[in-house]
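The structure appears below as structure tokens.
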Amino acid sequence: MLSNVITEADIDLITLDEFQLNLLAINLQRFAQCEKKINEQGLLVDGKKNPLIAASNIYLKNVVNLFNQLGLSRNSRMKQLLNQIKTETINDPIGELLD
């Protein structure tokens, strides 16, 4: 049913993935820039917590969220592997070792 809705509405899923991948790249780059500046400036600036720490945390949260949405997290990949083993679209590597 979902496939029919997507097809009939002419939704381009590839474009949506490209958008999220671009967001992922941007957030990864900004996270890296924040971390580099934090390493250069230190955790404290003028006796106060470096404001880049908050920005870095926001970018890291965005990265983790995008990884999950795109199925790139370790847990997402493991679920996909288990589903493929259950549906027998791939062989069970652990099962083969135990046989």
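Residue numbering restarts at 1 in every chain; chains get A, B, ... in the order shown in the structure tokens, and ligands count up from 1 in that same order.
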Q) Using only C-alpha atoms, which residues sit within 10 Å of Ile58 (chain A) once same-chain residues fewer than 6 positions away are excluded, as a ChimeraX atom specification? A) /A:27,30-31,52
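If only C-alpha atoms are the atoms counted, then among A:Asn75, A:Ala54, A:Ile26, A:Leu60 the closest residue to Ile38 (chain A) is A:Ala54.
For the pair CA of Asn57 (chain A) and CA of Ala32 (chain A), the interatomic distance is 11.1 Å.
Between CA of Ser56 (chain A) and CA of Glu35 (chain A) lies a distance of 6.7 Å.
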**Q.** For CA of Asn68 (chain A) and CA of Leu82 (chain A), the interatomic separation in Å (one decimal)
**A.**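 Rounded to one decimal, the two atoms are 16.8 Å apart.
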**Q.** Every residue of region 22-81 of chain A that DSSP places in helix (DSSP H, G or I), as a PyMOL selection string
**A.** chain A and resi 22-41+52-69+74-81
Filtering to C-alpha atoms, could you give me those residues as a compact mmCIF listing (two decimals), in the first residue's frame?
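Contents of selection06.txt, freshly written:
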```txt
# COMPACT_ATOMS: atom_id res chain seq x y z
CA ASN A 22 23.72 16.59 2.37
CA LEU A 23 22.47 17.53 5.83
CA LEU A 24 24.61 14.75 7.28
CA ALA A 25 27.70 16.03 5.46
CA ILE A 26 27.07 19.61 6.61
CA ASN A 27 26.55 18.58 10.23
CA LEU A 28 29.63 16.34 10.20
CA GLN A 29 31.72 19.20 8.83
CA ARG A 30 30.41 21.71 11.36
CA PHE A 31 30.88 19.22 14.22
CA ALA A 32 34.50 18.71 13.13
CA GLN A 33 35.07 22.47 12.91
CA CYS A 34 33.66 23.00 16.40
CA GLU A 35 35.79 20.22 17.85
CA LYS A 36 38.92 21.63 16.20
CA LYS A 37 38.25 25.10 17.63
CA ILE A 38 37.46 23.65 21.07
CA ASN A 39 40.79 21.81 21.01
CA GLU A 40 42.56 25.04 20.07
CA GLN A 41 40.72 27.32 22.50
CA LEU A 52 31.31 26.01 20.94
CA ILE A 53 30.68 23.02 23.22
CA ALA A 54 26.92 23.61 22.99
CA ALA A 55 27.12 23.98 19.21
CA SER A 56 29.21 20.83 18.95
CA ASN A 57 26.64 18.89 20.97
CA ILE A 58 23.84 20.10 18.69
CA TYR A 59 25.72 19.01 15.56
CA LEU A 60 26.55 15.64 17.12
CA LYS A 61 22.89 15.10 18.02
CA ASN A 62 21.92 15.96 14.43
CA VAL A 63 24.51 13.51 13.06
CA VAL A 64 23.26 10.67 15.26
CA ASN A 65 19.66 11.44 14.31
CA LEU A 66 20.48 11.49 10.59
CA PHE A 67 22.46 8.24 10.89
CA ASN A 68 19.39 6.62 12.43
CA GLN A 69 17.01 8.06 9.84
CA ARG A 74 25.14 0.01 13.93
CA ASN A 75 21.76 -1.03 15.36
CA SER A 76 19.97 -0.30 12.08
CA ARG A 77 22.50 -2.36 10.13
CA MET A 78 22.23 -5.26 12.60
CA LYS A 79 18.42 -5.25 12.35
CA GLN A 80 18.69 -5.30 8.57
CA LEU A 81 21.17 -8.19 8.71
```
